[in-house]
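Below is one structure, written out as structure tokens; the observations come after it.
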Amino acid sequence: MRGRQTGPREENQGEDMKFKAISPEISVSEQISVAEVEAAKAAGFRSIICNRPDGEGADQPTFEEIETAAKAAGLEVRYLPVQSGLVQDKDAGDFGVALRELPGPVLAYCRTGTRSATLWALSQATSRPMAEILGSTKAAGYDMNGVARRIANGGKTPTDTGDARYDVVIVGAGAGGIAVAASLKARRESLDIAIIDPADIHYYQPGWTMVGGGIFEARETAKTMGSLIPRGVHWIKSAVAAFEPADNAVILDGCRVVKYSRLIVCPGLKLDWSKVEGLVDTLGRNGVTSNYRYDLAPYTWELVSRMKEGRALFTQPPMPIKCAGAPQKAMYLSSDAWLRAGVLDKIDIQFCNAGGVLFGVKDFVPALESYVQKYGANLNFFHNLIAIDGPAKKATFEVKRPDEAPTTVEMEFDMMHVVPPQTAPDFIRVSPLADAAGWVDVDQSTLRHKTHDNIWSLGDVMNAPNAKTAAAARMQAPVVAENIIADIDGSSAAAQYDGYGSCPLTVERGKIVLAEFGYGGALKPSFPKWVIDGTKPSRLAWILKEQILPPIYWKAMLRGKEWMAKPEKVSAKAD
């Protein structure tokens, strides 16, 4: 697009305006009147595209009338009429040419704005990611998932009809995906199941805290994906681009289409490293590390081992995040190492938490606070990391305390453990499966989608109000498997999920506060109190974390052996 590209002026974008911005370069609108051409000019537009054929409605002005008014206002104008419901590939191509040739920003209109939004989406298919296209149009009020297959195909109508089809399709081969596949196979061997995931390696992510604490080796937390896919389950090594739930279809990168009778969505969540200014550029150097990445957890231990004095910062972003206790686990294990090395009194430990409490379930807070005091750590609540200058070793936090105006503070550091902001993956957030916040919208008991009856979800990506942990996925997988089998057999939901999650808080090397809880913070201990009292540090809980849970993960959970994870039968009021 030639000319200076700026968005419509905000002062002219009142609630009554019908101009809906898709990007700084283009907005779309329902039918405009001759009088509204001047409003478009005042809003900052330099060109207008008409996508509505003349004569479509009795009360619409002709293109000639709009053109006359536009030229009088000094605006360029173009007529690209498209019949309603019949946006052709050539139409999208012509629209893209017009965007390149006309001075921006551009206002495109039709009867409702949908044709114009569709033309823009298809015209951008080869230059923008699918999620960006769907997200931009969705933000403007237009759902383009109906043309997602064409967007994935470079804006062209697909001609391939050789779609694969399976009884059950699972999106994501993380802990939840492989576990639910194995649980389904254990219940109904004959099911034709496919898992979609592009990754070559599967990680035992709960082990990364231990890697950062010098207890595990990183290689112990990784296995090849192919070695873990359950026998008889198809592995489609591809990324998902979009969903078409109305057609029971998943669209893959490259416009391949996989059909399903039932769908399970569990791709995990997105670590949004780039949301913190300067973080990506300094990760893995300048003393900046994170146990949330396989390649960086060893660097955490390297930094801890060689640190003899100075300031150590540990951060926690706004919720939700996976394993809400992991940010402080890093602090405790690091502090314990410094205590054992005899240098703790020379290290200034600062824990910067975007939230207002140390841990969300109050029963475990007293034990954690005792360790905060033991290590002399300083708690900084309502401190959200927004920027890092790695070479200068400075971090900037936005401080937003209740009933106070936000401020920013800067802290110097010698070592910094960062936990990135986290969100649902882009292809989930813009999909028809997501709620307003971008998470897969499920019934918190049955884990069935609230709108689409043949879709379920588990793990970090769905919106049930539980802790996002591997232990939660271990409990959710049998529930989803049980309910899908019941659905296949024509029955209502057979199992329910109570929100169980577990967070083994490694407060020192050799002791853990085993936090187990469900919905509403209700305690859900797996052991009698005389064996392991989860509210107090325990040696037995450490043995569980170090020696027992990894084999349970690799040899039971991912193989459909539901040790300590028997699904709870649904109550009369569930489903």
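Labels for the structure tokens follow display order: chains A, B, ..., residues from 1 in each chain, ligands from 1.
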### Task
Would you list the contacts of Arg401 in chain A as a list in words, taking every protein, DNA or RNA residue within 10 Å and counting only C-alpha atoms, but skipping same-chain residues closer than 5 positions in sequence?
Ala354, Gly355, Gly356, Phe381, Phe382, His383, Pro406 and Thr407 of chain A
Now that the selection is made, can you save its residues with N, CA and C atoms as a JSON list (two decimals), in the first residue's frame?
[["chain", "number", "residue", "atom", "x", "y", "z"],
["A", 354, "ALA", "N", 3.64, -10.82, 40.69],
["A", 354, "ALA", "CA", 2.60, -9.94, 40.16],
["A", 354, "ALA", "C", 1.32, -10.03, 40.97],
["A", 355, "GLY", "N", 1.13, -11.14, 41.69],
["A", 355, "GLY", "CA", -0.05, -11.32, 42.53],
["A", 355, "GLY", "C", 0.14, -10.75, 43.92],
["A", 356, "GLY", "N", -0.87, -11.00, 44.75],
["A", 356, "GLY", "CA", -0.85, -10.42, 46.09],
["A", 356, "GLY", "C", -0.68, -11.41, 47.21],
["A", 381, "PHE", "N", 5.10, -8.05, 46.49],
["A", 381, "PHE", "CA", 3.84, -8.37, 45.84],
["A", 381, "PHE", "C", 3.41, -7.25, 44.89],
["A", 382, "PHE", "N", 2.56, -7.61, 43.94],
["A", 382, "PHE", "CA", 2.03, -6.70, 42.93],
["A", 382, "PHE", "C", 3.14, -6.12, 42.05],
["A", 383, "HIS", "N", 4.25, -6.85, 41.92],
["A", 383, "HIS", "CA", 5.37, -6.45, 41.07],
["A", 383, "HIS", "C", 5.39, -7.33, 39.82],
["A", 406, "PRO", "N", -0.71, 2.91, 39.34],
["A", 406, "PRO", "CA", 0.45, 2.09, 38.97],
["A", 406, "PRO", "C", 1.73, 2.92, 38.94],
["A", 407, "THR", "N", 2.80, 2.29, 39.35],
["A", 407, "THR", "CA", 4.12, 2.91, 39.27],
["A", 407, "THR", "C", 5.09, 1.90, 38.68]]
#### Entry: Residues near range 475-481 of chain A, cut-off 6 Å, only C-alpha atoms, skip fewer than 3 positions along chain, as a ChimeraX atom specification
/A:179-180,183-184,472,484,495,565,567
Write the selection just made, keeping C-alpha atoms, as a CSV table (one decimal), in the first residue's frame?
chain,number,residue,atom,x,y,z
A,179,ALA,CA,-2.2,-40.0,28.7
A,180,VAL,CA,-5.7,-39.7,27.4
A,183,SER,CA,-6.5,-44.4,28.7
A,184,LEU,CA,-8.8,-44.6,25.7
A,472,ALA,CA,-4.0,-32.3,37.2
A,484,ILE,CA,-15.9,-40.4,25.7
A,495,ALA,CA,-16.9,-39.5,35.4
A,565,ALA,CA,-5.9,-41.7,39.3
A,567,PRO,CA,-11.9,-41.5,37.9
### Message
as a PyMOL selection string, please: the residues near range 368-374 of chain A (cut-off 8 Å, only C-alpha atoms, same-chain neighbours under 6 positions excluded).
### Response
chain A and resi 332+358+507+513
### Message
Taking only C-alpha atoms into account, name the residue in A:Thr300, A:Thr62, A:Thr396, A:Asn145 that is nearest to Gly278 in chain A.
### Response
A:Thr396
### Query
Counting only C-alpha atoms, which of A:Asp272, A:Glu30, A:Asp414, A:Asp363 gets nearest to Ile386 in chain A?
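Result for the nearest residue to Ile386 in chain A: A:Asp272.
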### Task
Determine, counting only C-alpha atoms, which protein, DNA and RNA residues have an atom within 7 Å of an atom of range 81-96 of chain A; residues of the same chain fewer than 5 positions away are not included. Present the result as a ChimeraX atom specification.
/A:50-53,119,122-123,155-157
Grab the residues selected above and save them as a PDB file, in the first residue's frame with N, CA and C atoms.
ATOM      1  N   CYS A  50     -15.542  -0.217  -2.161  1.00  0.00           N
ATOM      2  CA  CYS A  50     -16.918  -0.716  -2.093  1.00  0.00           C
ATOM      3  C   CYS A  50     -16.951  -2.162  -2.555  1.00  0.00           C
ATOM      4  N   ASN A  51     -17.392  -3.068  -1.671  1.00  0.00           N
ATOM      5  CA  ASN A  51     -17.484  -4.490  -2.011  1.00  0.00           C
ATOM      6  C   ASN A  51     -18.933  -4.949  -2.183  1.00  0.00           C
ATOM      7  N   ARG A  52     -19.863  -3.998  -2.208  1.00  0.00           N
ATOM      8  CA  ARG A  52     -21.273  -4.353  -2.332  1.00  0.00           C
ATOM      9  C   ARG A  52     -21.781  -3.992  -3.720  1.00  0.00           C
ATOM     10  N   PRO A  53     -22.353  -4.970  -4.439  1.00  0.00           N
ATOM     11  CA  PRO A  53     -22.877  -4.665  -5.772  1.00  0.00           C
ATOM     12  C   PRO A  53     -24.039  -3.678  -5.700  1.00  0.00           C
ATOM     13  N   LEU A 119     -12.527 -10.747   2.426  1.00  0.00           N
ATOM     14  CA  LEU A 119     -11.580 -10.422   1.352  1.00  0.00           C
ATOM     15  C   LEU A 119     -10.213 -10.064   1.918  1.00  0.00           C
ATOM     16  N   LEU A 122      -8.469 -13.355   3.275  1.00  0.00           N
ATOM     17  CA  LEU A 122      -7.937 -14.200   2.205  1.00  0.00           C
ATOM     18  C   LEU A 122      -6.759 -13.537   1.496  1.00  0.00           C
ATOM     19  N   SER A 123      -6.815 -12.212   1.368  1.00  0.00           N
ATOM     20  CA  SER A 123      -5.732 -11.508   0.668  1.00  0.00           C
ATOM     21  C   SER A 123      -4.432 -11.508   1.465  1.00  0.00           C
ATOM     22  N   GLY A 155      -5.094 -18.614   0.716  1.00  0.00           N
ATOM     23  CA  GLY A 155      -6.170 -17.774   0.217  1.00  0.00           C
ATOM     24  C   GLY A 155      -6.938 -18.383  -0.937  1.00  0.00           C
ATOM     25  N   LYS A 156      -6.584 -19.597  -1.323  1.00  0.00           N
ATOM     26  CA  LYS A 156      -7.228 -20.265  -2.451  1.00  0.00           C
ATOM     27  C   LYS A 156      -8.192 -21.349  -1.974  1.00  0.00           C
ATOM     28  N   THR A 157      -9.221 -21.601  -2.756  1.00  0.00           N
ATOM     29  CA  THR A 157     -10.169 -22.660  -2.413  1.00  0.00           C
ATOM     30  C   THR A 157      -9.505 -24.025  -2.580  1.00  0.00           C
TER      31      THR A 157
END
### Message
Please extract the residues of range 367-400 of chain A with a backbone DSSP assignment of strand (DSSP E) and present them as a list in words.
### Response
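Listing strand (DSSP E) positions across range 367-400 of chain A yields Asn378, Leu379, Asn380, Phe381, His383, Asn384, Leu385, Ile386, Ala387, Ile388, Asp389, Lys394, Ala395, Thr396, Phe397, Glu398 and Val399 of chain A.
Every protein, DNA or RNA residue with an atom at most 12 Å from Met307 in chain A, where only C-alpha atoms count and chain neighbours fewer than 3 positions away do not, is listed here: Gly287, Thr300, Trp301, Glu302, Leu303, Val304, Gly310, Arg311, Ala312, Ser334, Ser335, Ala337, Trp338, Leu339, Ala341, Gly342, Val343, Leu344, Lys346, Ile347, Asp348, Phe413, Asp414, Met415 and Met416 of chain A.
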Residues just named, written with C-alpha atoms as a short mmCIF file (atom, residue, chain, number, x, y, z; two decimals), in the first residue's frame:
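Saved to result02.cif:
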data_model
loop_
_atom_site.label_atom_id
_atom_site.label_comp_id
_atom_site.auth_asym_id
_atom_site.auth_seq_id
_atom_site.Cartn_x
_atom_site.Cartn_y
_atom_site.Cartn_z
CA GLY A 287 22.71 -13.94 34.47
CA THR A 300 19.99 -21.86 36.47
CA TRP A 301 22.10 -24.34 38.41
CA GLU A 302 25.28 -22.96 36.84
CA LEU A 303 24.41 -19.47 38.05
CA VAL A 304 23.42 -20.66 41.52
CA GLY A 310 25.04 -10.07 45.08
CA ARG A 311 21.32 -9.81 44.33
CA ALA A 312 19.14 -12.63 43.00
CA SER A 334 18.65 -21.75 45.11
CA SER A 335 18.52 -20.34 48.64
CA ALA A 337 22.16 -24.23 47.92
CA TRP A 338 23.55 -20.87 49.06
CA LEU A 339 22.86 -21.78 52.68
CA ALA A 341 27.62 -23.22 50.59
CA GLY A 342 27.83 -20.74 53.45
CA VAL A 343 27.16 -17.65 51.32
CA LEU A 344 23.45 -17.03 51.98
CA LYS A 346 25.91 -12.30 51.31
CA ILE A 347 23.03 -12.69 48.85
CA ASP A 348 20.06 -10.32 48.59
CA PHE A 413 20.50 -7.92 39.73
CA ASP A 414 23.42 -10.31 39.50
CA MET A 415 21.24 -13.33 38.80
CA MET A 416 17.63 -13.43 37.69
#
Excluding Ala467 in chain A and residues on its chain fewer than 2 positions from it, collect all residues at most 7 Å away from it, counting only C-alpha atoms, and give them as a PDB file with N, CA and C atoms, in the first residue's frame.
ATOM      1  N   CYS A 323       2.023 -24.710  36.760  1.00  0.00           N
ATOM      2  CA  CYS A 323       2.719 -24.956  38.025  1.00  0.00           C
ATOM      3  C   CYS A 323       2.966 -23.634  38.750  1.00  0.00           C
ATOM      4  N   PRO A 465     -11.301 -23.912  36.517  1.00  0.00           N
ATOM      5  CA  PRO A 465     -10.511 -23.135  37.476  1.00  0.00           C
ATOM      6  C   PRO A 465      -9.647 -24.005  38.391  1.00  0.00           C
ATOM      7  N   THR A 469      -1.186 -28.170  36.281  1.00  0.00           N
ATOM      8  CA  THR A 469      -0.049 -29.019  36.635  1.00  0.00           C
ATOM      9  C   THR A 469      -0.165 -30.362  35.930  1.00  0.00           C
ATOM     10  N   GLY A 501      -5.280 -30.895  41.762  1.00  0.00           N
ATOM     11  CA  GLY A 501      -3.967 -30.528  41.262  1.00  0.00           C
ATOM     12  C   GLY A 501      -2.961 -30.717  42.381  1.00  0.00           C
TER      13      GLY A 501
END
### Task
Using DSSP on the backbone coordinates, identify the residues of range 261-389 of chain A assigned to helix (DSSP H, G or I); present them as a count of residues only.
50
#### Entry: Straight-line distance linking CA of Phe364 in chain A with CA of Arg293 in chain A, stated in Å to one decimal
26.6 Å
I want to know what sits within 6 Å of range 201-211 of chain A, based on only C-alpha atoms, with residues of the same chain fewer than 2 positions away left out; could you give that as a short mmCIF file (atom, residue, chain, number, x, y, z; two decimals) with N, CA and C atoms, in the first residue's frame?
data_model
loop_
_atom_site.label_atom_id
_atom_site.label_comp_id
_atom_site.auth_asym_id
_atom_site.auth_seq_id
_atom_site.Cartn_x
_atom_site.Cartn_y
_atom_site.Cartn_z
N ALA A 199 6.06 -31.83 17.45
CA ALA A 199 7.30 -31.93 18.23
C ALA A 199 7.98 -33.28 18.07
N GLY A 213 17.83 -27.02 40.21
CA GLY A 213 18.33 -27.15 41.58
C GLY A 213 19.52 -28.08 41.69
N GLY A 214 20.01 -28.58 40.56
CA GLY A 214 21.19 -29.45 40.57
C GLY A 214 20.91 -30.88 41.00
N ILE A 215 19.65 -31.31 40.94
CA ILE A 215 19.28 -32.66 41.40
C ILE A 215 19.13 -33.62 40.22
N PHE A 216 18.45 -33.21 39.17
CA PHE A 216 18.30 -34.02 37.97
C PHE A 216 19.24 -33.50 36.88
N GLU A 217 19.58 -34.38 35.94
CA GLU A 217 20.22 -33.97 34.70
C GLU A 217 19.13 -33.69 33.67
N ALA A 218 19.33 -32.70 32.84
CA ALA A 218 18.32 -32.32 31.86
C ALA A 218 17.92 -33.50 30.96
N THR A 221 14.90 -35.71 31.57
CA THR A 221 13.54 -35.20 31.42
C THR A 221 13.04 -35.22 29.98
N ALA A 222 13.77 -35.86 29.09
CA ALA A 222 13.39 -35.83 27.67
C ALA A 222 13.43 -37.22 27.06
N LYS A 223 12.43 -37.53 26.23
CA LYS A 223 12.40 -38.76 25.45
C LYS A 223 11.87 -38.42 24.06
N THR A 224 12.20 -39.25 23.08
CA THR A 224 11.68 -39.02 21.73
C THR A 224 10.17 -39.23 21.71
N MET A 225 9.48 -38.39 20.97
CA MET A 225 8.02 -38.48 20.92
C MET A 225 7.57 -39.84 20.37
N ASN A 291 13.71 -21.83 34.60
CA ASN A 291 13.46 -23.28 34.64
C ASN A 291 12.28 -23.68 33.76
N ALA A 297 17.28 -24.55 32.12
CA ALA A 297 17.31 -25.05 33.50
C ALA A 297 18.74 -25.37 33.96
#
### Minimum-distance residue to Lys468 in chain A, chosen among A:Ala326, A:Leu333, A:Ile532, A:Val570 (using only C-alpha atoms)
A:Ala326
Once you count only C-alpha atoms, what closest atom pair and distance in Å to one decimal does each residue of range 207-274 of chain A within 6 Å of range 421-425 of chain A have, with rows by chain and rising residue number, as a Markdown table?
| residue | atom | partner | partner_atom | distance |
| --- | --- | --- | --- | --- |
| A:Leu269 | CA | A:Ala424 | CA | 4.7 |
| A:Lys270 | CA | A:Pro425 | CA | 5.0 |
| A:Leu271 | CA | A:Gln422 | CA | 4.8 |
| A:Asp272 | CA | A:Pro421 | CA | 5.3 |
### Nearest to Met144 in chain A, chosen from A:Gly74, A:Gly172, A:Asn353, A:Val430, with only C-alpha atoms counted in the distances
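Closest candidate: A:Val430.
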### Task
Go through A:Thr137, A:Thr408, A:Thr112, A:Ser27 one by one, measure the shortest atom-to-atom distance of each to Ser47 in chain A using only C-alpha atoms, and give the residue with the smallest value.
A:Ser27
### Query
What is the distance between CA of Pro551 in chain A and CA of Tyr500 in chain A, in Å to one decimal?
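CA of Tyr500 in chain A lies 20.3 Å from CA of Pro551 in chain A.
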#### Entry: Å distance separating CA of Thr118 in chain A from CA of Arg149 in chain A, one decimal place
12.5 Å
